[in-house]
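Below is structure_30.cif, holding mmCIF, C-alpha atoms.
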```cif
data_data
loop_
_atom_site.label_atom_id
_atom_site.label_comp_id
_atom_site.auth_asym_id
_atom_site.auth_seq_id
_atom_site.Cartn_x
_atom_site.Cartn_y
_atom_site.Cartn_z
CA MET Y 1 147.82 129.75 112.75
CA PRO Y 2 145.72 131.17 109.89
CA PRO Y 3 142.83 133.42 110.99
CA LEU Y 4 139.46 131.78 111.83
CA TYR Y 5 136.04 133.40 111.33
CA PRO Y 6 132.88 132.62 113.37
CA MET Y 7 129.94 130.98 111.59
CA LYS Y 8 126.83 129.06 112.61
CA LEU Y 9 126.76 125.39 111.70
CA ILE Y 10 123.27 123.96 111.12
CA ASN Y 11 123.00 120.16 111.14
CA ILE Y 12 119.64 118.80 110.12
CA VAL Y 13 118.67 115.12 110.39
CA ALA Y 14 115.74 114.38 108.08
CA ASN Y 15 114.30 111.73 105.80
CA THR Y 16 115.95 111.52 102.36
CA THR Y 17 112.71 112.67 100.74
CA LEU Y 18 113.25 116.11 102.30
CA GLU Y 19 116.64 116.66 100.68
CA GLU Y 20 115.20 118.67 97.79
CA ARG Y 21 113.27 120.92 100.21
CA LEU Y 22 116.40 121.53 102.30
CA VAL Y 23 118.46 122.36 99.23
CA THR Y 24 115.77 124.86 98.22
CA ILE Y 25 116.06 126.51 101.64
CA ALA Y 26 119.85 126.64 101.42
CA LYS Y 27 119.68 128.23 97.97
CA ALA Y 28 116.93 130.67 98.97
CA HIS Y 29 119.25 132.05 101.64
CA GLU Y 30 122.21 132.20 99.31
CA ALA Y 31 124.27 129.61 101.09
CA SER Y 32 127.37 129.01 99.03
CA GLY Y 33 127.11 125.26 99.51
CA TYR Y 34 125.92 122.40 101.66
CA THR Y 35 126.94 118.83 102.47
CA VAL Y 36 124.69 115.78 102.64
CA LEU Y 37 125.62 112.53 104.37
CA ASP Y 38 123.61 109.32 104.62
CA ALA Y 39 122.46 108.71 108.17
CA ARG Y 40 120.87 105.97 110.27
CA GLY Y 41 119.30 106.04 113.71
CA ALA Y 42 116.00 106.13 115.57
CA GLY Y 43 113.67 108.78 116.93
CA SER Y 44 110.08 109.92 117.00
CA ALA Y 45 109.60 108.52 113.48
CA GLY Y 46 110.81 105.09 114.63
CA LEU Y 47 113.74 103.05 113.41
CA GLN Y 48 115.64 104.51 110.45
CA THR Y 49 117.82 101.67 109.20
CA GLY Y 50 118.81 103.32 105.93
CA VAL Y 51 117.87 100.24 103.90
CA LEU Y 52 114.60 101.39 102.30
CA GLU Y 53 113.89 104.90 101.09
CA GLY Y 54 111.07 105.43 103.57
CA GLU Y 55 113.40 104.72 106.46
CA SER Y 56 116.59 106.39 105.24
CA ASN Y 57 117.84 109.61 106.77
CA ILE Y 58 120.32 112.24 105.72
CA LEU Y 59 122.47 114.60 107.72
CA PHE Y 60 122.22 117.95 105.93
CA MET Y 61 125.04 120.33 106.90
CA LEU Y 62 125.05 124.03 106.25
CA ALA Y 63 127.27 126.83 107.58
CA VAL Y 64 125.93 130.39 107.46
CA PRO Y 65 126.88 133.73 108.96
CA GLU Y 66 124.93 134.55 112.11
CA SER Y 67 123.05 137.30 110.25
CA ARG Y 68 121.29 134.66 108.07
CA LEU Y 69 120.67 132.09 110.78
CA ASP Y 70 117.19 133.24 111.85
CA ALA Y 71 115.85 133.30 108.30
CA VAL Y 72 117.15 129.79 107.57
CA LEU Y 73 115.73 128.41 110.81
CA ALA Y 74 112.35 130.07 110.12
CA ASP Y 75 112.09 128.06 106.89
CA VAL Y 76 113.19 124.85 108.61
CA ASN Y 77 110.56 125.55 111.26
CA LYS Y 78 107.89 125.72 108.53
CA LEU Y 79 108.76 122.15 107.55
CA MET Y 80 108.52 121.06 111.18
CA LYS Y 81 105.14 122.77 111.59
CA ARG Y 82 103.84 120.91 108.56
CA GLY Y 83 104.52 117.73 110.55
CA HIS Y 84 107.80 116.57 108.98
CA HIS Y 85 109.96 114.59 111.36
CA LEU Y 86 113.30 116.34 111.46
CA ALA Y 87 115.80 117.51 114.02
CA ALA Y 88 117.96 120.63 113.71
CA PHE Y 89 121.11 121.31 115.70
CA VAL Y 90 122.81 124.71 115.66
CA SER Y 91 126.30 125.23 116.92
CA ASP Y 92 129.06 127.79 116.82
CA THR Y 93 131.85 126.94 114.51
CA LYS Y 94 134.83 128.62 112.91
CA VAL Y 95 135.90 128.52 109.30
CA MET Y 96 139.20 129.29 107.63
CA ARG Y 97 137.93 131.15 104.56
CA ARG Y 98 135.10 133.54 105.36
CA GLU Y 99 134.51 134.47 101.73
CA LYS Y 100 133.60 130.84 100.99
CA PHE Y 101 130.56 131.05 103.30
CA ASP Y 102 129.67 134.75 103.27
CA GLU Y 103 129.37 135.71 99.64
CA MET V 1 97.34 73.58 102.86
CA ASP V 2 100.69 71.85 102.34
CA LEU V 3 103.37 73.77 104.25
CA SER V 4 106.17 71.73 102.67
CA ASN V 5 105.58 73.92 99.61
CA LEU V 6 107.15 76.73 101.60
CA LEU V 7 110.52 74.98 101.44
CA ILE V 8 111.75 77.14 98.58
CA PRO V 9 114.90 79.29 98.68
CA ALA V 10 113.04 82.62 98.61
CA VAL V 11 110.96 81.85 101.71
CA LEU V 12 113.77 80.10 103.56
CA PHE V 13 116.17 83.01 103.00
CA PHE V 14 113.50 85.38 104.28
CA ALA V 15 113.17 83.20 107.38
CA LEU V 16 116.96 83.10 107.72
CA GLY V 17 117.14 86.90 107.71
CA PHE V 18 114.36 87.09 110.29
CA LEU V 19 116.11 84.49 112.45
CA ALA V 20 119.48 86.24 112.15
CA GLN V 21 117.86 89.34 113.57
CA ALA V 22 116.03 87.42 116.29
CA VAL V 23 119.27 85.83 117.57
CA LYS V 24 121.01 89.22 117.34
CA SER V 25 123.53 88.00 114.77
CA ASP V 26 126.07 90.59 113.63
CA LEU V 27 125.10 89.88 110.00
CA LYS V 28 124.86 93.15 108.09
CA PHE V 29 123.96 94.11 104.55
CA PRO V 30 125.35 97.17 102.83
CA PRO V 31 122.27 99.49 102.86
CA GLU V 32 122.67 100.30 99.17
CA LEU V 33 122.49 96.62 98.20
CA ALA V 34 118.78 96.30 99.05
CA LYS V 35 118.03 99.43 97.02
CA ALA V 36 120.07 98.09 94.08
CA LEU V 37 118.41 94.67 94.30
CA SER V 38 114.94 96.21 94.33
CA ILE V 39 115.80 98.15 91.14
CA TYR V 40 117.07 94.94 89.54
CA LEU V 41 113.97 92.97 90.58
CA LEU V 42 111.54 95.63 89.33
CA ILE V 43 113.29 95.77 85.97
CA GLY V 44 113.36 91.97 85.75
CA ILE V 45 109.64 91.61 86.50
CA GLY V 46 108.78 94.56 84.24
CA LEU V 47 110.68 92.99 81.32
CA LYS V 48 108.92 89.69 81.87
CA GLY V 49 105.57 91.49 81.93
CA GLY V 50 106.39 93.36 78.72
CA ILE V 51 107.46 90.22 76.86
CA GLU V 52 104.23 88.49 77.89
CA LEU V 53 102.19 91.59 77.09
CA ALA V 54 103.25 91.24 73.45
CA HIS V 55 101.11 88.07 73.30
CA ALA V 56 98.27 89.50 75.38
CA ASN V 57 94.65 89.62 74.37
CA LEU V 58 93.54 93.26 74.47
CA GLY V 59 90.11 92.49 75.94
CA GLU V 60 91.54 90.38 78.77
CA ALA V 61 94.30 92.90 79.46
CA THR V 62 91.70 95.69 79.72
CA GLN V 63 89.69 93.64 82.21
CA ALA V 64 92.84 93.03 84.28
CA VAL V 65 93.64 96.76 84.28
CA ALA V 66 90.06 97.57 85.35
CA ALA V 67 90.23 94.97 88.13
CA ALA V 68 93.58 96.41 89.30
CA LEU V 69 92.04 99.88 89.46
CA VAL V 70 89.03 98.65 91.43
CA LEU V 71 91.28 96.87 93.95
CA GLY V 72 93.75 99.77 94.07
CA PHE V 73 91.08 102.39 94.73
CA GLY V 74 88.73 100.21 96.80
CA LEU V 75 91.06 98.51 99.29
CA PRO V 76 92.53 101.68 100.83
CA ILE V 77 89.03 103.07 101.42
CA LEU V 78 88.08 99.83 103.18
CA ALA V 79 91.31 99.92 105.21
CA TYR V 80 90.64 103.55 106.16
CA ALA V 81 87.15 102.70 107.44
CA ILE V 82 88.53 99.82 109.55
CA LEU V 83 91.28 102.03 110.98
CA LEU V 84 88.82 104.78 111.90
CA ALA V 85 86.62 102.18 113.59
CA GLY V 86 89.70 101.26 115.64
CA ARG V 87 90.03 104.92 116.65
CA ILE V 88 93.21 105.57 114.72
CA ASP V 89 93.48 109.27 113.94
CA LYS V 90 92.52 110.27 110.40
CA LEU V 91 95.96 111.25 109.10
CA ASN V 92 97.67 108.08 110.33
CA ALA V 93 94.69 106.10 108.98
CA SER V 94 95.11 107.77 105.56
CA ALA V 95 98.81 106.97 105.39
CA ILE V 96 98.39 103.36 106.54
CA ALA V 97 95.45 102.83 104.17
CA ALA V 98 97.58 103.93 101.20
CA HIS V 99 100.11 101.19 102.02
CA TYR V 100 97.40 98.52 102.03
CA GLY V 101 95.89 99.51 98.70
CA SER V 102 99.29 99.44 97.06
CA VAL V 103 101.33 96.30 96.53
CA SER V 104 104.56 94.63 97.58
CA ALA V 105 106.60 93.42 94.63
CA GLY V 106 108.65 91.31 97.09
CA THR V 107 105.56 89.37 98.20
CA PHE V 108 104.37 89.05 94.59
CA LEU V 109 107.73 87.66 93.47
CA THR V 110 107.76 85.23 96.40
CA ALA V 111 104.37 83.98 95.18
CA ILE V 112 105.80 83.54 91.67
CA ALA V 113 108.76 81.59 93.13
CA TYR V 114 106.25 79.50 95.11
CA LEU V 115 104.22 78.72 91.96
CA SER V 116 107.30 78.03 89.85
CA ALA V 117 108.64 75.56 92.44
CA GLN V 118 105.39 73.60 92.15
CA GLN V 119 105.31 74.01 88.38
CA ILE V 120 101.90 75.67 88.53
CA GLU V 121 101.10 77.77 85.48
CA TYR V 122 99.82 81.30 85.96
CA GLU V 123 98.33 84.01 83.79
CA THR V 124 100.68 86.91 83.13
CA TYR V 125 98.08 89.68 83.48
CA PRO V 126 98.78 89.99 87.22
CA LEU V 127 102.21 91.35 86.19
CA ILE V 128 100.46 94.29 84.54
CA MET V 129 98.17 94.61 87.55
CA LEU V 130 101.24 94.83 89.80
CA ALA V 131 102.46 97.89 87.89
CA ILE V 132 98.99 99.47 87.81
CA MET V 133 98.33 98.95 91.51
CA GLU V 134 101.38 100.88 92.73
CA SER V 135 99.71 104.28 92.20
CA PRO V 136 95.94 104.43 92.88
CA ALA V 137 96.32 103.82 96.61
CA ILE V 138 98.80 106.69 96.87
CA ILE V 139 96.20 108.98 95.31
CA VAL V 140 93.46 107.68 97.63
CA GLY V 141 95.73 108.14 100.65
CA LEU V 142 96.47 111.72 99.65
CA LEU V 143 92.79 112.50 99.04
CA LEU V 144 91.82 110.97 102.38
CA ALA V 145 94.47 113.06 104.11
CA ARG V 146 93.28 116.18 102.35
CA PHE V 147 89.72 115.39 103.41
CA SER V 148 90.94 114.71 106.98
CA ARG V 149 92.71 118.04 107.22
CA GLY V 150 89.42 119.64 106.21
CA SER V 151 89.36 123.39 106.58
CA GLN V 152 92.67 123.71 108.37
CA PRO V 153 94.37 126.92 107.24
CA GLN V 154 97.16 126.25 104.79
CA ASP V 155 100.18 128.38 104.03
CA ALA V 156 101.26 128.85 100.43
CA GLU V 157 103.89 126.11 100.57
CA ASN V 158 101.43 123.68 102.12
CA ALA V 159 98.88 124.46 99.43
CA ARG V 160 101.52 123.85 96.75
CA GLU V 161 102.44 120.47 98.27
CA ASN V 162 98.79 119.44 98.37
CA HIS V 163 97.94 120.63 94.88
CA MET V 164 96.22 117.83 92.98
CA GLY V 165 98.55 118.12 90.00
CA GLU V 166 101.58 117.72 92.25
CA LEU V 167 99.99 114.76 94.02
CA LEU V 168 99.23 112.97 90.76
CA ARG V 169 102.70 113.68 89.44
CA ASP V 170 104.23 112.20 92.61
CA ALA V 171 101.98 109.12 92.41
CA PHE V 172 102.79 108.35 88.79
CA THR V 173 106.45 109.28 88.68
CA ASN V 174 107.54 107.38 91.74
CA GLY V 175 110.60 105.26 91.05
CA SER V 176 108.92 101.85 91.24
CA VAL V 177 106.20 102.85 88.77
CA VAL V 178 108.70 104.35 86.32
CA LEU V 179 110.91 101.24 86.49
CA LEU V 180 108.05 98.74 86.17
CA PHE V 181 106.34 100.52 83.28
CA GLY V 182 109.62 101.48 81.61
CA ALA V 183 110.96 97.91 81.69
CA MET V 184 107.57 96.66 80.50
CA VAL V 185 107.75 98.92 77.45
CA VAL V 186 111.32 97.74 76.76
CA GLY V 187 110.17 94.10 76.98
CA LEU V 188 107.25 94.88 74.70
CA VAL V 189 109.07 96.68 71.89
CA VAL V 190 112.45 94.93 71.77
CA LYS V 191 112.85 92.03 69.34
CA PRO V 192 113.08 88.63 71.07
CA SER V 193 116.53 88.06 69.52
CA SER V 194 117.83 91.26 71.14
CA LEU V 195 116.44 90.22 74.51
CA ASP V 196 118.63 87.12 74.43
CA THR V 197 121.64 89.26 75.36
CA ILE V 198 120.11 90.35 78.67
CA THR V 199 118.23 87.17 79.53
CA PRO V 200 121.10 85.60 81.51
CA PHE V 201 121.24 88.68 83.73
CA PHE V 202 117.54 89.46 84.19
CA SER V 203 116.05 85.99 83.98
CA THR V 204 118.54 83.23 84.83
CA LEU V 205 119.90 85.07 87.87
CA PHE V 206 116.52 86.45 88.93
CA MET V 207 115.54 83.94 91.63
CA GLY V 208 119.03 84.10 93.16
CA ALA V 209 118.80 87.87 93.45
CA LEU V 210 115.29 87.53 94.90
CA SER V 211 116.66 85.21 97.61
CA LEU V 212 119.32 87.76 98.48
CA PHE V 213 116.71 90.54 98.60
CA LEU V 214 114.41 88.47 100.82
CA LEU V 215 117.28 87.63 103.17
CA GLU V 216 117.76 91.36 103.68
CA MET V 217 114.01 92.01 103.96
CA GLY V 218 113.77 89.22 106.56
CA MET V 219 116.36 91.11 108.60
CA GLU V 220 114.45 94.37 108.12
CA ALA V 221 111.20 92.71 109.21
CA GLY V 222 112.96 91.23 112.25
CA LYS V 223 114.20 94.67 113.31
CA ARG V 224 110.60 95.89 113.44
CA ILE V 225 109.51 93.47 116.17
CA GLY V 226 110.86 95.89 118.76
CA GLU V 227 108.47 98.55 117.42
CA PHE V 228 105.28 96.51 117.98
CA LYS V 229 104.82 98.05 121.42
CA ARG V 230 104.90 101.53 119.94
CA VAL V 231 102.22 100.81 117.33
CA GLY V 232 99.89 99.01 119.73
CA GLY V 233 97.78 95.86 119.67
CA PHE V 234 95.02 97.11 117.38
CA LEU V 235 97.38 98.01 114.55
CA VAL V 236 99.29 94.73 114.81
CA VAL V 237 95.98 92.87 114.52
CA PHE V 238 95.05 95.13 111.58
CA GLY V 239 98.36 94.13 109.91
CA ILE V 240 97.12 90.52 109.87
CA LEU V 241 93.40 91.16 109.33
CA MET V 242 93.77 93.52 106.37
CA PRO V 243 95.78 91.11 104.18
CA LEU V 244 93.12 88.47 104.82
CA ILE V 245 90.43 90.90 103.66
CA GLY V 246 92.48 92.10 100.69
CA GLY V 247 93.44 88.51 99.85
CA ALA V 248 89.79 87.45 99.90
CA ALA V 249 88.90 90.38 97.62
CA GLY V 250 91.73 89.35 95.28
CA LEU V 251 90.57 85.72 95.23
CA LEU V 252 87.05 86.77 94.29
CA VAL V 253 88.20 89.23 91.63
CA GLY V 254 90.72 86.76 90.18
CA HIS V 255 88.23 83.92 89.97
CA TYR V 256 84.78 85.40 89.34
CA TRP V 257 85.71 88.53 87.40
CA LEU V 258 88.89 87.61 85.56
CA GLY V 259 88.32 83.86 85.33
CA PHE V 260 91.96 83.01 86.02
CA GLY V 261 93.27 79.55 86.87
CA GLU V 262 94.73 78.49 90.23
CA GLY V 263 98.06 80.29 89.77
CA GLY V 264 96.57 83.52 88.42
CA VAL V 265 93.96 83.67 91.20
CA LEU V 266 96.71 83.25 93.81
CA LEU V 267 98.68 86.12 92.27
CA VAL V 268 95.65 88.46 92.29
CA ALA V 269 95.00 87.45 95.92
CA VAL V 270 98.59 88.36 96.77
CA LEU V 271 98.16 91.72 95.04
CA GLY V 272 95.10 92.37 97.19
CA ALA V 273 96.76 91.11 100.37
CA SER V 274 100.17 92.75 100.19
CA ALA V 275 101.15 96.15 101.51
CA SER V 276 103.80 98.38 100.03
CA TYR V 277 107.02 99.08 101.90
CA ILE V 278 109.16 100.51 99.09
CA ALA V 279 107.10 102.89 96.93
CA VAL V 280 104.47 104.22 99.33
CA PRO V 281 106.47 105.14 102.49
CA PRO V 282 108.52 107.90 100.80
CA ALA V 283 105.36 109.24 99.11
CA MET V 284 103.57 109.37 102.46
CA ARG V 285 106.59 110.95 104.11
CA LEU V 286 106.22 113.92 101.80
CA ALA V 287 102.46 114.10 101.42
CA ILE V 288 101.27 113.19 104.93
CA PRO V 289 104.18 114.24 107.13
CA GLU V 290 101.90 114.38 110.17
CA ALA V 291 101.49 110.59 110.09
CA ASN V 292 103.98 108.54 112.06
CA PRO V 293 106.27 106.51 109.73
CA SER V 294 106.90 104.08 112.55
CA TYR V 295 103.26 102.93 112.29
CA TYR V 296 103.05 102.28 108.57
CA LEU V 297 106.54 100.82 108.17
CA THR V 298 106.16 98.52 111.15
CA LEU V 299 102.81 97.30 109.85
CA SER V 300 103.69 96.76 106.21
CA LEU V 301 107.23 95.48 106.73
CA GLY V 302 107.15 93.94 110.20
CA VAL V 303 103.68 92.38 110.30
CA THR V 304 101.98 92.03 106.91
CA PHE V 305 105.02 91.08 104.80
CA PRO V 306 106.14 88.15 107.02
CA PHE V 307 102.51 87.08 107.48
CA ASN V 308 101.95 86.94 103.73
CA VAL V 309 105.23 85.17 102.95
CA ILE V 310 104.90 82.48 105.60
CA ILE V 311 101.14 82.02 106.09
CA GLY V 312 99.30 84.09 103.49
CA ILE V 313 100.69 82.64 100.25
CA PRO V 314 99.98 78.95 101.09
CA LEU V 315 96.61 79.96 102.55
CA TYR V 316 95.54 81.95 99.48
CA HIS V 317 96.85 79.13 97.31
CA ALA V 318 94.74 76.54 99.13
CA LEU V 319 91.69 78.76 98.72
CA ALA V 320 92.49 79.52 95.06
CA ALA V 321 92.86 75.79 94.35
CA ARG V 322 89.51 75.11 96.02
CA LEU V 323 87.77 77.96 94.15
CA THR V 324 89.11 77.02 90.74
CA ALA V 325 88.46 73.29 91.27
CA ALA V 326 84.81 73.93 92.08
#
```
Would you write out, as structure tokens, the structure that this file holds?
Amino acid sequence: MPPLYPMKLINIVANTTLEERLVTIAKAHEASGYTVLDARGAGSAGLQTGVLEGESNILFMLAVPESRLDAVLADVNKLMKRGHHLAAFVSDTKVMRREKFDE
Amino acid sequence: MDLSNLLIPAVLFFALGFLAQAVKSDLKFPPELAKALSIYLLIGIGLKGGIELAHANLGEATQAVAAALVLGFGLPILAYAILLAGRIDKLNASAIAAHYGSVSAGTFLTAIAYLSAQQIEYETYPLIMLAIMESPAIIVGLLLARFSRGSQPQDAENARENHMGELLRDAFTNGSVVLLFGAMVVGLVVKPSSLDTITPFFSTLFMGALSLFLLEMGMEAGKRIGEFKRVGGFLVVFGILMPLIGGAAGLLVGHYWLGFGEGGVLLVAVLGASASYIAVPPAMRLAIPEANPSYYLTLSLGVTFPFNVIIGIPLYHALAARLTAA
């Protein structure tokens, strides 16, 4: 089996209007990339059917080395403190090519 | 008020969507289809407005623009006062008020379908008013929110987001405004012979696409019934009361100020009565994140939109007919 390297996977569920803000955070912390998926669901902001822009969510995925995790989460926390409805999930993950995530 | 006038495809497809949701049908729309249809409808109505604008009288058009601005800036302030009287917190009141000063193109187009089915003529200035009225309420909502936050300390990012220049840019560059005005300019400057090539797509098919859009919006409205409990009795009542107030304001403006006929007065009433559910929610999401989206979306989409389509339009029409006959 090829070697695997530990990383932190941050999954953020937020309204589509926040995508630009999340990309800015990812770039500010020199993440080498990110992935955005359309998402539906329900939560504190009510039903998110994904049909109209005001009720469409994204799942924003970002993998960073543990050393950058706190800084990224601090910026995400600023968005939450401003009142934005978003949920962040952090989990341990492993990646096959460390250099792709830890430039 | 003759309810048989409601037997037009647009309204019936809306009701079908609502019913499908109520009986828990497994009917589903691809989410991107509603977004695509709303782009198509905004371009179609913008083109129509632009073509008509070419024959417009500058004085009358200016009056219509002024009336749109008065309604667009005035109605959200009125809505805000009513919401505060109902003890809704200031930030939620600001966000909800912005929705009620802005307009719903879906409701407006349903009113046009309603008039067309009865072969009632209407002035075309309300088409310009529709485009104008998308933005002022967003600005009022943002100013009310800024006022509500008062002297709360702001970090640099917060200050940037609430900078007046940014707020105005957001209000005037939102997708619906760009599409409506852009298509209007295209309709205005393109030669009639060139427009012939796109007429089958944007005109002949228009009412069919509107029916499809309203079927989907009926389903969306139906999904919101489950959220009524969350928003509470006062707000649900507000969702019915506010369109009546806005509709009355529109009737008065359309008749006494603009001097429109029966059809035109109905359209101005619908502009006053309708609440946005496409352009304003994303703007409020960014500018007033503290407000609960469940409140404003449930109200505009789940209460006011169905109320206007089923009850409001024939009611405003009956009143417009009475006013203009007098």
Quick one: which residues from chain V are at most 6 Å off chain Y, using only C-alpha atoms, as a PyMOL selection string? chain V and resi 31+281-282+289-290+292-294
Counting all atoms listed in the file, write as a PyMOL selection string all protein and nucleic acid residues lying at most 9 Å from (109.0, 90.5, 109.2) in the file's frame. chain V and resi 14-15+18+217-225+298+300-307
Determine the residue set returned by the PyMOL selection byres ((chain Y and resi 64) around 12) for the present structure, and present it as number ranges by chain. Y: 5-11, 26-27, 29-34, 61-63, 65-73, 90-95, 98-103
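Nearest residue to Gly101 in chain V among V:Leu205, V:Ala273, V:Leu267, V:Leu210 is V:Ala273, counting only C-alpha atoms.
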Written as a tab-separated table (two decimals) with C-alpha atoms, keeping the file's coordinate frame, what is the full residue list that the PyMOL selection byres ((chain V and resi 79) around 9) yields on the file shown?
```tsv
chain	number	residue	atom	x	y	z
V	74	GLY	CA	88.73	100.21	96.80
V	75	LEU	CA	91.06	98.51	99.29
V	76	PRO	CA	92.53	101.68	100.83
V	77	ILE	CA	89.03	103.07	101.42
V	78	LEU	CA	88.08	99.83	103.18
V	80	TYR	CA	90.64	103.55	106.16
V	81	ALA	CA	87.15	102.70	107.44
V	82	ILE	CA	88.53	99.82	109.55
V	83	LEU	CA	91.28	102.03	110.98
V	84	LEU	CA	88.82	104.78	111.90
V	93	ALA	CA	94.69	106.10	108.98
V	94	SER	CA	95.11	107.77	105.56
V	96	ILE	CA	98.39	103.36	106.54
V	97	ALA	CA	95.45	102.83	104.17
V	98	ALA	CA	97.58	103.93	101.20
V	100	TYR	CA	97.40	98.52	102.03
V	101	GLY	CA	95.89	99.51	98.70
V	238	PHE	CA	95.05	95.13	111.58
V	242	MET	CA	93.77	93.52	106.37
```
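Between Gly264 in chain V and the candidates V:Ala22, V:Leu12, V:Leu212, V:Ala64, the tightest atom-to-atom separation, counting all atoms listed in the file, involves V:Ala64.
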I'd like the interatomic distance between CA of Phe60 in chain Y and CA of Ala287 in chain V, to a tenth of an Å. 20.6 Å
Counting all atoms listed in the file, what is within 8 Å of range 109-117 of chain V, bar same-chain residues fewer than 6 positions away, as a ChimeraX atom specification? /V:5-6,8,10-11,207,210,263,266-267,270,309,313
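The interatomic distance for the pair CA of Ala321 in chain V and CA of Leu251 in chain V works out to 10.2 Å.
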Would you mind reading off the distance between CA of Ala20 in chain V and CA of Ser102 in chain V, one decimal, in Å? 28.5 Å
Pick the closest to Ala249 in chain V from V:Gly208, V:Leu299, V:Gly150, V:Val70: which is it, counting only C-alpha atoms? V:Val70
Which of V:Arg169, V:Lys229, V:Lys24, V:Lys191 sits closest to Ile51 in chain V [using all atoms listed in the file]: V:Lys191
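Counting all atoms listed in the file, the residue from V:Gly106, V:Gly44, V:Met129, V:Thr62 that sits nearest to Thr204 in chain V is V:Gly44.
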